[in-house]
Structures are given as structure tokens and as C-alpha cells.
$ cat target.txt   # compact mmCIF, C-alpha atoms
# COMPACT_ATOMS: atom_id res chain seq x y z
CA MET A 1 -17.00 30.46 25.25
CA SER A 2 -17.32 33.34 22.81
CA THR A 3 -14.16 34.45 21.16
CA PHE A 4 -13.69 38.13 21.37
CA ASP A 5 -10.58 38.33 23.46
CA LYS A 6 -11.86 36.49 26.50
CA ILE A 7 -8.74 35.44 28.34
CA PRO A 8 -8.81 31.84 29.55
CA GLU A 9 -8.76 31.68 33.32
CA THR A 10 -8.47 27.94 33.74
CA LYS A 11 -6.25 25.33 32.18
CA GLU A 12 -9.31 23.70 30.57
CA GLU A 13 -10.34 26.94 28.85
CA ALA A 14 -6.80 27.52 27.61
CA PHE A 15 -6.57 23.95 26.32
CA LEU A 16 -9.73 24.40 24.28
CA GLU A 17 -8.37 27.61 22.76
CA VAL A 18 -5.14 25.88 21.74
CA LEU A 19 -6.99 22.96 20.13
CA LEU A 20 -9.35 25.23 18.22
CA ARG A 21 -6.64 27.63 17.02
CA LEU A 22 -4.59 24.76 15.62
CA ALA A 23 -7.67 23.08 14.15
CA ASP A 24 -9.17 26.19 12.54
CA ASP A 25 -5.90 26.97 10.73
CA ARG A 26 -5.92 23.46 9.32
CA LEU A 27 -9.56 23.27 8.36
CA ILE A 28 -9.57 26.58 6.51
CA HIS A 29 -6.25 25.93 4.80
CA GLY A 30 -7.43 22.44 3.87
CA HIS A 31 -10.60 23.86 2.40
CA ARG A 32 -8.67 26.35 0.27
CA LEU A 33 -6.47 23.50 -1.01
CA SER A 34 -9.51 21.37 -1.77
CA GLU A 35 -10.62 24.09 -4.20
CA TRP A 36 -7.81 22.87 -6.46
CA CYS A 37 -9.32 19.41 -6.80
CA GLY A 38 -9.89 18.91 -10.52
CA HIS A 39 -8.05 22.17 -11.34
CA GLY A 40 -4.40 21.28 -10.66
CA PRO A 41 -1.81 22.23 -13.28
CA GLU A 42 -1.07 18.54 -13.88
CA LEU A 43 -2.51 15.26 -12.65
CA GLU A 44 0.22 14.54 -10.09
CA GLU A 45 -0.14 17.98 -8.61
CA ASP A 46 -3.92 17.75 -8.54
CA LEU A 47 -3.54 14.56 -6.49
CA ALA A 48 -0.88 16.10 -4.30
CA LEU A 49 -2.92 19.19 -3.40
CA ALA A 50 -5.99 17.05 -2.71
CA ASN A 51 -3.88 14.73 -0.54
CA VAL A 52 -2.48 17.63 1.46
CA ALA A 53 -6.01 19.02 1.81
CA LEU A 54 -7.19 15.66 3.18
CA ASP A 55 -4.32 15.57 5.66
CA MET A 56 -5.06 19.06 6.92
CA ILE A 57 -8.80 18.48 7.22
CA GLY A 58 -7.94 15.21 8.99
CA HIS A 59 -5.72 17.12 11.44
CA ALA A 60 -8.58 19.51 12.12
CA ALA A 61 -11.06 16.65 12.59
CA SER A 62 -8.92 14.92 15.23
CA LEU A 63 -8.38 18.18 17.15
CA TYR A 64 -12.07 19.14 16.92
CA SER A 65 -13.12 15.67 18.14
CA TYR A 66 -10.93 16.07 21.17
CA ALA A 67 -12.27 19.58 21.79
CA ALA A 68 -15.83 18.20 21.49
CA GLN A 69 -15.07 15.57 24.16
CA LEU A 70 -13.65 18.22 26.49
CA GLU A 71 -16.41 20.74 25.92
CA GLY A 72 -19.29 18.26 25.75
CA LYS A 73 -20.26 19.10 22.15
CA PRO A 74 -21.74 16.36 19.95
CA ASP A 75 -18.81 15.90 17.55
CA GLU A 76 -16.21 17.58 15.34
CA ASP A 77 -18.86 18.79 12.88
CA TYR A 78 -20.15 21.24 15.44
CA TYR A 79 -16.95 23.29 15.16
CA ALA A 80 -16.62 23.05 11.40
CA TYR A 81 -20.20 23.72 10.40
CA PHE A 82 -22.05 25.48 13.16
CA ARG A 83 -19.85 28.41 14.08
CA ASP A 84 -19.80 31.82 12.41
CA ASP A 85 -16.80 33.66 11.02
CA ILE A 86 -16.31 35.70 14.19
CA ASP A 87 -15.82 32.46 16.16
CA PHE A 88 -13.14 31.05 13.87
CA LYS A 89 -9.66 31.41 15.33
CA ASN A 90 -7.52 30.80 12.24
CA ILE A 91 -4.90 33.25 11.06
CA ALA A 92 -5.77 35.35 8.01
CA LEU A 93 -3.04 33.78 5.84
CA VAL A 94 -5.00 30.55 5.43
CA GLU A 95 -8.30 32.18 4.47
CA LEU A 96 -6.94 34.25 1.56
CA PRO A 97 -8.35 33.09 -1.80
CA LYS A 98 -6.37 30.30 -3.41
CA GLY A 99 -4.91 32.60 -6.09
CA ASP A 100 -2.73 31.03 -8.75
CA PHE A 101 -0.61 27.92 -8.29
CA ALA A 102 2.42 29.99 -7.21
CA PHE A 103 0.37 31.67 -4.50
CA THR A 104 -1.01 28.35 -3.23
CA ILE A 105 2.45 26.76 -3.16
CA LEU A 106 4.08 29.69 -1.43
CA ARG A 107 1.38 29.85 1.23
CA GLN A 108 1.75 26.09 1.78
CA PHE A 109 5.50 26.43 2.13
CA LEU A 110 5.34 29.30 4.65
CA PHE A 111 2.62 27.59 6.67
CA SER A 112 4.21 24.13 6.62
CA ALA A 113 7.59 25.60 7.63
CA PHE A 114 5.92 27.40 10.54
CA SER A 115 3.96 24.28 11.50
CA PHE A 116 7.13 22.19 11.40
CA PHE A 117 8.86 24.32 14.05
CA ASN A 118 5.68 24.94 16.03
CA TYR A 119 4.84 21.24 16.25
CA ARG A 120 8.43 20.31 17.03
CA GLU A 121 8.25 22.57 20.09
CA LEU A 122 4.67 21.66 21.03
CA ILE A 123 5.52 17.96 21.12
CA LYS A 124 8.15 18.76 23.77
CA THR A 125 5.73 20.91 25.76
CA VAL A 126 2.36 19.15 25.71
CA LYS A 127 1.87 16.59 28.50
CA ASP A 128 -1.60 15.34 27.55
CA GLU A 129 -1.09 11.87 25.99
CA GLN A 130 -3.87 11.98 23.40
CA PHE A 131 -3.09 15.53 22.26
CA ASN A 132 0.62 14.77 22.10
CA GLY A 133 -0.07 11.63 20.06
CA MET A 134 -2.11 13.70 17.60
CA LEU A 135 0.68 16.26 17.32
CA GLN A 136 3.21 13.53 16.57
CA LYS A 137 0.95 12.11 13.90
CA HIS A 138 0.38 15.48 12.24
CA PHE A 139 4.10 16.27 12.48
CA LYS A 140 4.99 13.32 10.25
CA GLU A 141 2.62 14.56 7.58
CA ILE A 142 3.69 18.19 7.90
CA LYS A 143 7.18 17.09 6.89
CA TYR A 144 5.81 15.75 3.63
CA HIS A 145 3.94 18.99 3.01
CA LEU A 146 7.04 21.04 3.74
CA ARG A 147 9.30 19.03 1.46
CA HIS A 148 6.75 19.06 -1.34
CA SER A 149 6.02 22.80 -1.24
CA ARG A 150 9.68 23.72 -0.80
CA GLU A 151 10.63 21.81 -3.93
CA TRP A 152 7.96 23.66 -5.86
CA VAL A 153 9.17 27.05 -4.57
CA LEU A 154 12.61 26.19 -5.95
CA ARG A 155 11.20 25.00 -9.26
CA LEU A 156 8.95 28.01 -9.77
CA GLY A 157 11.47 30.60 -8.56
CA ASP A 158 14.31 29.20 -10.61
CA GLY A 159 12.02 28.21 -13.50
CA THR A 160 10.68 30.29 -16.34
CA GLU A 161 10.35 34.05 -16.43
CA GLU A 162 6.63 33.73 -15.82
CA SER A 163 6.85 31.25 -12.94
CA HIS A 164 9.53 33.43 -11.32
CA ARG A 165 7.39 36.56 -11.69
CA ARG A 166 4.31 34.84 -10.28
CA ILE A 167 5.95 33.44 -7.18
CA GLN A 168 7.79 36.70 -6.52
CA GLU A 169 4.44 38.50 -6.67
CA ALA A 170 3.01 35.91 -4.29
CA ILE A 171 5.81 36.63 -1.78
CA ASP A 172 5.15 40.36 -1.91
CA GLU A 173 1.41 39.85 -1.56
CA ILE A 174 1.47 37.28 1.25
CA TRP A 175 4.20 38.62 3.45
CA MET A 176 2.07 40.99 5.55
CA TYR A 177 0.05 37.96 6.67
CA THR A 178 3.03 36.09 8.10
CA GLY A 179 3.18 38.33 11.17
CA GLU A 180 0.40 36.33 12.79
CA PHE A 181 2.66 33.28 13.03
CA PHE A 182 4.77 35.05 15.62
CA HIS A 183 2.37 37.51 17.17
CA LEU A 184 1.39 36.27 20.62
CA ASP A 185 -1.86 37.66 21.97
CA ASP A 186 -3.13 37.42 25.55
CA ILE A 187 -4.80 34.08 24.85
CA ASP A 188 -1.53 32.58 23.59
CA LYS A 189 0.26 34.01 26.62
CA ALA A 190 -2.30 32.46 28.96
CA ALA A 191 -1.88 29.12 27.18
CA ILE A 192 1.91 29.40 27.48
CA SER A 193 1.55 30.05 31.22
CA PHE A 194 -0.34 26.74 31.52
CA ASN A 195 2.38 24.96 29.49
CA LEU A 196 -0.07 24.29 26.69
CA TYR A 197 1.49 26.38 23.95
CA THR A 198 4.96 27.50 22.97
CA ASP A 199 6.49 30.92 22.47
CA THR A 200 6.60 30.95 18.69
CA SER A 201 8.98 33.92 18.61
CA ALA A 202 11.65 31.55 19.97
CA PHE A 203 11.97 29.83 16.59
CA LYS A 204 11.34 32.85 14.36
CA LYS A 205 15.02 33.01 13.39
CA GLU A 206 15.06 29.33 12.42
CA TRP A 207 11.92 29.79 10.34
CA GLU A 208 13.38 32.84 8.62
CA SER A 209 16.60 31.05 7.89
CA LEU A 210 14.75 28.14 6.23
CA VAL A 211 12.42 30.47 4.31
CA PHE A 212 15.02 33.03 3.21
CA GLY A 213 17.54 30.28 2.42
CA THR A 214 14.96 28.71 0.12
CA PHE A 215 14.17 32.07 -1.51
CA GLU A 216 17.85 32.65 -2.17
CA GLU A 217 18.28 29.21 -3.69
CA ALA A 218 15.21 29.87 -5.83
CA THR A 219 16.71 33.23 -7.00
CA LEU A 220 13.85 35.10 -5.31
CA GLN A 221 14.02 38.49 -3.60
CA LYS A 222 13.47 38.68 0.15
CA PRO A 223 10.32 40.61 1.06
CA ASP A 224 10.36 43.89 2.97
CA ASN A 225 10.35 42.64 6.53
CA ASP A 226 9.57 46.06 8.02
CA GLN A 227 6.22 46.47 6.31
CA TYR A 228 2.79 46.68 7.99
CA MET A 229 1.77 43.30 9.35
CA PHE A 230 -1.85 42.16 9.57
CA GLU A 231 -3.11 40.85 12.90
CA GLY A 232 -6.33 40.09 14.75
CA ALA A 233 -7.82 37.18 12.81
CA ARG A 234 -7.21 34.78 15.72
CA SER A 235 -9.64 36.77 17.84
CA GLY A 236 -12.30 37.00 15.14
CA ARG A 237 -11.23 40.07 13.15
CA HIS A 238 -10.98 38.29 9.81
CA THR A 239 -10.52 39.45 6.24
CA GLU A 240 -13.57 39.70 3.97
CA TYR A 241 -12.63 36.33 2.44
CA LEU A 242 -13.59 34.04 5.33
CA GLY A 243 -17.35 34.68 5.20
CA PRO A 244 -17.88 33.48 1.60
CA LEU A 245 -15.63 30.46 2.25
CA LEU A 246 -17.73 29.44 5.26
CA ALA A 247 -20.96 30.08 3.35
CA GLN A 248 -19.85 27.58 0.73
CA MET A 249 -18.43 25.07 3.21
CA GLN A 250 -21.30 25.19 5.73
CA PHE A 251 -24.36 25.71 3.54
CA LEU A 252 -25.35 22.09 3.00
CA ARG A 253 -24.80 21.01 6.59
CA ARG A 254 -26.75 23.93 7.99
CA SER A 255 -29.60 23.36 5.55
CA HIS A 256 -29.91 19.76 6.73
CA PRO A 257 -28.62 19.80 10.30
CA GLU A 258 -30.20 16.43 11.12
CA ALA A 259 -28.91 14.65 8.03
CA GLU A 260 -26.74 11.57 8.52
CA TRP A 261 -24.41 9.66 6.22
CA LYS A 262 -25.81 6.24 5.54
CA MET B 1 -31.96 -16.72 31.73
CA VAL B 2 -29.75 -15.76 28.81
CA VAL B 3 -26.34 -17.39 28.82
CA THR B 4 -23.69 -15.49 26.94
CA THR B 5 -20.32 -17.04 26.38
CA LYS B 6 -17.58 -14.50 26.38
CA HIS B 7 -15.26 -14.60 23.39
CA THR B 8 -11.62 -14.77 24.41
CA ILE B 9 -9.22 -11.97 23.57
CA ASP B 10 -7.43 -14.30 21.13
CA GLU B 11 -10.70 -15.08 19.40
CA ILE B 12 -11.44 -11.38 19.00
CA TRP B 13 -8.00 -10.82 17.46
CA SER B 14 -8.62 -13.66 15.03
CA TYR B 15 -11.96 -12.10 14.01
CA LEU B 16 -10.19 -8.80 13.39
CA GLU B 17 -7.70 -10.59 11.16
CA GLU B 18 -10.61 -11.22 8.83
CA VAL B 19 -11.14 -7.48 8.34
CA ILE B 20 -9.33 -6.44 5.19
CA ASP B 21 -7.93 -2.96 4.53
CA PRO B 22 -10.24 -1.61 1.79
CA GLU B 23 -7.44 0.21 -0.02
CA ILE B 24 -4.80 -2.51 0.26
CA PRO B 25 -6.85 -5.68 -0.07
CA VAL B 26 -3.92 -8.04 0.61
CA LEU B 27 -3.50 -6.87 4.18
CA ASN B 28 -5.81 -7.12 7.16
CA VAL B 29 -6.18 -4.43 9.80
CA VAL B 30 -4.11 -6.36 12.36
CA GLU B 31 -1.16 -6.76 9.95
CA MET B 32 -1.42 -3.05 9.17
CA GLY B 33 -1.00 -2.25 12.86
CA ILE B 34 -4.29 -0.36 12.91
CA VAL B 35 -5.71 -2.39 15.82
CA ARG B 36 -3.75 -1.36 18.91
CA ASP B 37 -5.51 -3.13 21.74
CA VAL B 38 -8.36 -5.48 22.56
CA GLU B 39 -9.70 -5.89 26.09
CA TRP B 40 -12.79 -6.78 28.01
CA LYS B 41 -14.14 -4.17 30.37
CA LYS B 42 -16.73 -6.07 32.38
CA ASP B 43 -19.08 -7.33 29.68
CA GLU B 44 -17.98 -4.92 27.00
CA CYS B 45 -15.23 -5.55 24.50
CA ILE B 46 -13.08 -2.48 23.82
CA VAL B 47 -11.21 -2.39 20.52
CA LYS B 48 -8.72 0.46 20.13
CA ILE B 49 -7.72 1.50 16.65
CA THR B 50 -5.41 4.23 15.41
CA PRO B 51 -5.49 6.00 12.05
CA THR B 52 -2.68 5.42 9.55
CA TYR B 53 -2.86 8.86 7.95
CA SER B 54 -4.86 11.73 9.42
CA GLY B 55 -6.75 12.25 6.21
CA CYS B 56 -7.22 8.61 5.36
CA PRO B 57 -10.80 8.31 4.09
CA ALA B 58 -10.67 4.54 4.62
CA MET B 59 -10.66 4.91 8.40
CA ASN B 60 -14.45 5.24 8.66
CA ALA B 61 -14.88 2.27 6.37
CA ILE B 62 -12.43 0.24 8.48
CA GLU B 63 -14.25 1.12 11.67
CA ASN B 64 -17.56 0.07 10.14
CA GLU B 65 -16.08 -3.19 8.87
CA ILE B 66 -14.79 -3.97 12.36
CA ARG B 67 -18.25 -3.33 13.83
CA LYS B 68 -19.87 -5.54 11.22
CA LYS B 69 -17.38 -8.34 11.77
CA LEU B 70 -17.77 -8.34 15.56
CA ALA B 71 -21.55 -8.34 15.29
CA GLU B 72 -21.41 -11.16 12.75
CA LYS B 73 -19.24 -13.22 15.12
CA GLY B 74 -21.74 -12.76 17.91
CA VAL B 75 -19.85 -10.20 19.98
CA HIS B 76 -22.83 -8.18 21.11
CA SER B 77 -21.41 -5.55 23.35
CA PHE B 78 -18.39 -3.68 22.12
CA GLN B 79 -16.93 -0.24 21.50
CA VAL B 80 -14.47 0.75 18.79
CA LEU B 81 -12.40 3.68 20.05
CA THR B 82 -9.90 5.77 18.16
CA ASP B 83 -6.70 6.10 20.14
CA PHE B 84 -4.02 8.68 19.38
CA LYS B 85 -1.67 7.86 22.25
CA GLU B 86 0.91 6.28 19.98
CA SER B 87 1.07 7.52 16.45
CA TRP B 88 0.97 4.90 13.74
CA THR B 89 4.22 4.03 12.02
CA THR B 90 5.06 1.73 9.14
CA ASP B 91 7.51 0.07 11.57
CA TRP B 92 4.49 -1.74 13.04
CA MET B 93 3.99 -3.66 9.82
CA THR B 94 5.37 -7.17 10.05
CA ASP B 95 7.97 -8.44 7.56
CA HIS B 96 5.35 -10.87 6.35
CA ALA B 97 2.98 -7.96 5.63
CA LYS B 98 5.73 -6.11 3.78
CA GLN B 99 6.39 -9.17 1.65
CA LYS B 100 2.70 -9.39 0.79
CA LEU B 101 2.73 -5.73 -0.24
CA LYS B 102 5.67 -6.35 -2.55
CA GLU B 103 3.97 -9.34 -4.13
CA TYR B 104 0.92 -7.16 -4.69
CA GLY B 105 3.09 -4.66 -6.60
CA ILE B 106 3.51 -1.99 -3.93
CA ALA B 107 7.08 -1.23 -2.86
CA PRO B 108 6.99 -1.70 0.94
CA PRO B 109 8.16 0.95 3.42
CA GLU B 110 11.74 0.68 4.58
CA GLU B 111 13.30 1.75 7.88
CA LYS B 112 12.05 4.97 9.39
CA VAL B 113 13.95 8.22 8.72
CA ASP B 114 15.24 9.89 11.86
CA SER B 115 13.24 13.07 12.33
CA GLU B 116 16.15 15.01 13.84
CA ASP B 117 17.90 14.87 10.48
CA PHE B 118 14.86 16.09 8.65
CA LEU B 119 15.98 19.68 8.09
CA LEU B 120 19.36 18.51 6.81
CA ASN B 121 17.75 15.89 4.59
CA LEU B 122 15.32 18.47 3.27
CA ILE B 123 18.10 19.67 1.07
CA GLY B 124 19.69 16.85 -0.84
CA SER B 125 19.25 13.35 -2.02
CA GLN B 126 16.12 11.29 -2.45
CA LYS B 127 16.14 7.75 -1.15
CA ILE B 128 16.19 4.89 -3.62
CA VAL B 129 13.16 2.60 -3.67
CA PRO B 130 13.69 -0.74 -5.43
CA CYS B 131 11.11 -1.74 -8.04
CA PRO B 132 8.67 -4.32 -6.59
CA TYR B 133 8.50 -6.09 -9.96
CA CYS B 134 12.12 -6.44 -11.07
CA ASP B 135 14.07 -5.27 -7.97
CA SER B 136 15.93 -2.71 -10.06
CA MET B 137 17.36 0.31 -8.24
CA GLU B 138 16.94 2.43 -11.38
CA THR B 139 13.73 4.04 -10.21
CA VAL B 140 12.59 7.66 -10.03
CA LEU B 141 10.12 9.42 -7.77
CA GLN B 142 7.27 10.89 -9.79
CA SER B 143 5.15 12.29 -7.00
CA GLU B 144 5.24 12.17 -3.22
CA PHE B 145 1.47 11.80 -3.32
CA GLY B 146 -0.23 8.86 -4.97
CA SER B 147 -3.65 7.29 -5.30
CA THR B 148 -4.08 7.09 -1.52
CA ALA B 149 -2.67 9.11 1.36
CA CYS B 150 -0.23 6.35 2.28
CA LYS B 151 1.43 5.91 -1.11
CA SER B 152 3.79 7.79 -3.44
CA GLN B 153 4.32 7.30 -7.17
CA TYR B 154 7.50 5.86 -8.68
CA TYR B 155 8.61 4.75 -12.12
CA CYS B 156 11.04 1.95 -12.90
CA ASN B 157 13.41 2.78 -15.75
CA GLU B 158 14.48 -0.86 -16.02
CA CYS B 159 11.16 -2.63 -16.58
CA GLU B 160 9.38 0.60 -17.54
CA GLN B 161 6.57 0.09 -15.05
CA PRO B 162 5.00 2.74 -12.88
CA PHE B 163 4.55 1.52 -9.31
CA GLU B 164 3.44 2.71 -5.91
CA HIS B 165 5.56 2.93 -2.80
CA PHE B 166 4.08 2.64 0.67
CA LYS B 167 5.41 5.79 2.31
CA CYS B 168 7.54 5.35 5.34
CA ILE B 169 6.24 7.22 8.36
$ encode --input "target.txt" --output "C-alpha cells"
Amino acid sequence: MSTFDKIPETKEEAFLEVLLRLADDRLIHGHRLSEWCGHGPELEEDLALANVALDMIGHAASLYSYAAQLEGKPDEDYYAYFRDDIDFKNIALVELPKGDFAFTILRQFLFSAFSFFNYRELIKTVKDEQFNGMLQKHFKEIKYHLRHSREWVLRLGDGTEESHRRIQEAIDEIWMYTGEFFHLDDIDKAAISFNLYTDTSAFKKEWESLVFGTFEEATLQKPDNDQYMFEGARSGRHTEYLGPLLAQMQFLRRSHPEAEWK
Amino acid sequence: MVVTTKHTIDEIWSYLEEVIDPEIPVLNVVEMGIVRDVEWKKDECIVKITPTYSGCPAMNAIENEIRKKLAEKGVHSFQVLTDFKESWTTDWMTDHAKQKLKEYGIAPPEEKVDSEDFLLNLIGSQKIVPCPYCDSMETVLQSEFGSTACKSQYYCNECEQPFEHFKCI
């Protein structure tokens, strides 16, 4: 199924969309985190970011494997390595360059907080046993990511003048990309009608209260919530940053499509 | 005519007990709770395993070790399937396994934290993990993420040893 706004007509098509949207967010975010490996500000943090990257790529792999079973594709690698940018369904937030440590941490915090509420609701909604089991597994790990990134937001915001300035700049820069968390397009609505996805706007207030509460505690200014919000990445209208990321991530696999790990 | 004797389910479990977790070499994959089910479907043995952590790079190694072990024991027809139906929890580790972890120098996981309280617990106190060497409670968390996905880093102020804690999930 090609992406550009084709509305799923059957439950099977909608299910595939849900799996791939969740998985693409996690693969691309995981890849951005993996760029920190060997570059973390301190050893513990280098390990932590690499660990979170592994978790997120692992989440993507399990979801892709399931999608591959349903769609009759060979395996999870098909989705990661053999699709072009226009076919990726991730939100733009996760594809933005890794930036400085404050930017990476803030993005992790906003995404993990969103994932926490989204998964909490999805676990109640999804009937499929295997998919639900995966969600429960990811949910446990998302909690670790949320706690970790939240503590760093506090430390950076309420830290030195420089750390405060950097994370405040990150908030102002990232905010326009948070709209996609709560923007429901026709594909989401179709998935909701099949009981395969949840109305994310239902927990927007809870998310804001956790995020703004943390900002306040970290002595950070709330962003302008009425600003222009980016949207469209889920249906293939990405920022200019996704292409180069995929080029780097996919190059080797595409050069040697028949290669196998021995 | 080729006569094949079918290995019993109990025998298969005992073979799997010989497969050691590559990252925690004192525990086998059965004690870890990674093997969820063993059954014969006609002439094929189905072994269901579940990952500990989603990003655990040892899972592929574990699956390969299981294949090798079964082949070595003469089980010719089998499938190793990854099952997500129930998500792995440290509660599946036996007390005996936890004791072995402690003796190995890894603080074992304790009782599971109730997820409903997570948002409340997000703000506030850290749990205390006793030192596996000297049992002191004077320990501090250094990082939630350690040398493997399943462990966090602690430091004991009493015996001045760094140690790992098997995270509780």
C-alpha cells in the first residue's frame, strides 16, 4: 500500500498503518539517539542514550516483524531498509537532527511522555494478543525513558546559566513539532473506527500537565502554544532531514541486499 | 525404515536448562523465564521464547544457542518462535535464580512496582537497593542504564564497591 493519504478500507489495512506508524517513530528516533554513541557528555549518559536507542529500535523491530507477517513481507528489515522517505510514517519531531544534549533530552522527554499516555490507552483498546503483548513490553521500557529524560530536563533547566539557556532554546525550537502528537488525520480516524488506535486528543491535557509541570519545576518558560504547528510527516510530507538520515541508515543494506549475518 | 524416538517434553526442558544466558552466565534461559512453552506439534517440537528487553542484543544469540543445543541433543525437527503474548517480567525469576544473581554480584530485582502509581512515583523518592556484597542499604543510584539493557548502576557507600542491579520490570 503506498502512503499518500490512502484511507484504509479494511481492518487489516488499518492495522498495518497503526503498526508502521508506531514503528517508524521508534526506528527514526532510535537512530537519532544512536548518533550519540561515543559522543555522550559523560560515560553514564553515553550508555544511557545507547540503551534507549536499542530499546526503541527493538520496539520498531517487533512491530515491523508483526507487520511483515501480516503483509507477507520477508522480515522487519524490509520496512527499515527498503522503503523511501515518502513511505515513512513517522512524525517530524523524531527526524530532526540530534542537536545538542539539551535538544536530545527535551525531545526524548516530550516523546516519552506522549508515548506513555498513548500506550496506556492503546493497551486498553487493542484486542490482538500479540500486538497487545508487545505494547505492554514497550510500555515498561517507556517508563524508564520518561523518568530518565524528565530528571535531565529538571537538572538542565534548574542547572547552570548555559544549560538553562540551551534547554529553553530547545523548547522554543521543538514546540511546533509537537502538534503531530495530537493531530488525527483520516488514517488515524479510520484506525480508531476499527478500535485499533486511540483518540490522542483525549489525553492532551494530561500530557500538557506533566510537561508544563516539569517545565515549571525546572524554572523553564512555557512555549507559545498558539504558534504555527507542523503537520503532514505521517503521510510522507517530511522535513529535509529524513532523506540524509535514511541514506546513512540504509546505504549498506541496499548495496548488499543479499548479504546475511553469519 | 528410520526409527526416531521422540524426546519427552521434560527432556526438552532439561536440554534448555543447559543453555546459559550469554550476558548473565550464572543463569540458564529457563531460570530467566525466557522459555515460555515447549510442545510437540505432530513431529515438530515448538519452543516459545519471549524477549527480556526489546532491545536486548543477546536475544539472537540465545535463540541460536537453543537451536544448537536441540540439534546437539538429537532433536531434529523443531521451531523456535518468539511469543509476545505475555510480556516478560522479573517476577518470573525463581528465588533460587535471584540468589544466584546476588552471589554473582548483581543485586536481584525486587517486587514489581505497580504501574498505576507510576506518575505519582515519577516525582519523588528512589527505591533502596541493598548492596549484593555487604547488604548495606547505604547505596546510591548512579545510572538507570548499565552495561546491558537489563541492569542499572549503583554504588555502595559502605564497602565502596560499584555494583549492578537487575532492573525490576
$ residues_around --input "target.txt" --residues "segment 148-151 of chain B" --least-positions-apart "2" --cutoff "7 Å" --atoms "all atoms listed in the file" --output "list in words"
Asn51 of chain A; Tyr53, Cys56, Phe145, Gly146, Gln153, Glu164, His165, Phe166 and Lys167 of chain B
$ closest_residue --input "target.txt" --among "A:Thr239, A:Thr198, A:Thr214, A:Ser115" --to "chain B" --atoms "all atoms listed in the file"
A:Thr214
$ closest_atom_pairs --input "target.txt" --of "chain A" --to "chain B" --cutoff "7 Å" --atoms "only C-alpha atoms" --output "JSON lines"
{"residue": "A:Glu44", "atom": "CA", "partner": "B:Ser143", "partner_atom": "CA", "distance": 6.2}
{"residue": "A:Leu47", "atom": "CA", "partner": "B:Phe145", "partner_atom": "CA", "distance": 6.5}
{"residue": "A:Ala48", "atom": "CA", "partner": "B:Phe145", "partner_atom": "CA", "distance": 5.0}
{"residue": "A:Asn51", "atom": "CA", "partner": "B:Ala149", "partner_atom": "CA", "distance": 6.1}
{"residue": "A:Leu54", "atom": "CA", "partner": "B:Gly55", "partner_atom": "CA", "distance": 4.6}
{"residue": "A:Asp55", "atom": "CA", "partner": "B:Gly55", "partner_atom": "CA", "distance": 4.2}
{"residue": "A:Ile57", "atom": "CA", "partner": "B:Gly55", "partner_atom": "CA", "distance": 6.6}
{"residue": "A:Gly58", "atom": "CA", "partner": "B:Gly55", "partner_atom": "CA", "distance": 4.2}
{"residue": "A:His59", "atom": "CA", "partner": "B:Ser54", "partner_atom": "CA", "distance": 5.8}
{"residue": "A:Glu129", "atom": "CA", "partner": "B:Lys85", "partner_atom": "CA", "distance": 5.5}
{"residue": "A:Gln130", "atom": "CA", "partner": "B:Lys85", "partner_atom": "CA", "distance": 4.8}
{"residue": "A:Gly133", "atom": "CA", "partner": "B:Lys85", "partner_atom": "CA", "distance": 4.6}
{"residue": "A:Met134", "atom": "CA", "partner": "B:Phe84", "partner_atom": "CA", "distance": 5.7}
{"residue": "A:Gln136", "atom": "CA", "partner": "B:Ser87", "partner_atom": "CA", "distance": 6.4}
{"residue": "A:Lys137", "atom": "CA", "partner": "B:Ser87", "partner_atom": "CA", "distance": 5.3}
{"residue": "A:Lys140", "atom": "CA", "partner": "B:Ile169", "partner_atom": "CA", "distance": 6.5}
{"residue": "A:Arg147", "atom": "CA", "partner": "B:Leu122", "partner_atom": "CA", "distance": 6.3}
$ atom_distance --input "target.txt" --atom1 "atom CA of Ser255 of chain A" --atom2 "atom CA of Ala80 of chain A"
14.2 Å
$ residues_around --input "target.txt" --residues "Glu95 of chain A" --least-positions-apart "6" --cutoff "7 Å" --atoms "all atoms listed in the file" --output "list of chain:residue names"
A:Ile28, A:His29, A:Tyr241, A:Leu242
$ decode --input "target.txt" --residues "segment 83-95 of chain A" --atoms "N, CA and C atoms" --output "short mmCIF file (atom, residue, chain, number, x, y, z; two decimals), in the first residue's frame"
data_model
loop_
_atom_site.label_atom_id
_atom_site.label_comp_id
_atom_site.auth_asym_id
_atom_site.auth_seq_id
_atom_site.Cartn_x
_atom_site.Cartn_y
_atom_site.Cartn_z
N ARG A 83 12.44 0.98 2.13
CA ARG A 83 11.40 1.96 1.80
C ARG A 83 12.06 3.34 1.67
N ASP A 84 11.43 4.21 0.90
CA ASP A 84 11.96 5.56 0.71
C ASP A 84 11.32 6.53 1.70
N ASP A 85 11.87 7.74 1.76
CA ASP A 85 11.38 8.70 2.75
C ASP A 85 9.87 8.94 2.67
N ILE A 86 9.35 8.96 1.45
CA ILE A 86 7.92 9.27 1.29
C ILE A 86 7.04 8.18 1.93
N ASP A 87 7.59 6.98 2.08
CA ASP A 87 6.82 5.88 2.65
C ASP A 87 6.92 5.80 4.17
N PHE A 88 7.84 6.56 4.74
CA PHE A 88 7.97 6.53 6.21
C PHE A 88 6.85 7.35 6.84
N LYS A 89 6.29 6.81 7.92
CA LYS A 89 5.09 7.39 8.52
C LYS A 89 5.37 8.04 9.87
N ASN A 90 6.64 8.27 10.18
CA ASN A 90 6.97 8.87 11.47
C ASN A 90 6.61 10.35 11.50
N ILE A 91 6.43 10.87 12.70
CA ILE A 91 6.22 12.31 12.85
C ILE A 91 7.56 13.03 12.66
N ALA A 92 7.48 14.32 12.32
CA ALA A 92 8.71 15.07 12.01
C ALA A 92 9.61 15.23 13.24
N LEU A 93 9.00 15.34 14.41
CA LEU A 93 9.78 15.56 15.65
C LEU A 93 10.98 14.61 15.75
N VAL A 94 10.75 13.34 15.42
CA VAL A 94 11.80 12.34 15.65
C VAL A 94 12.90 12.36 14.61
N GLU A 95 12.65 13.02 13.46
CA GLU A 95 13.67 13.02 12.41
C GLU A 95 14.58 14.24 12.48
#
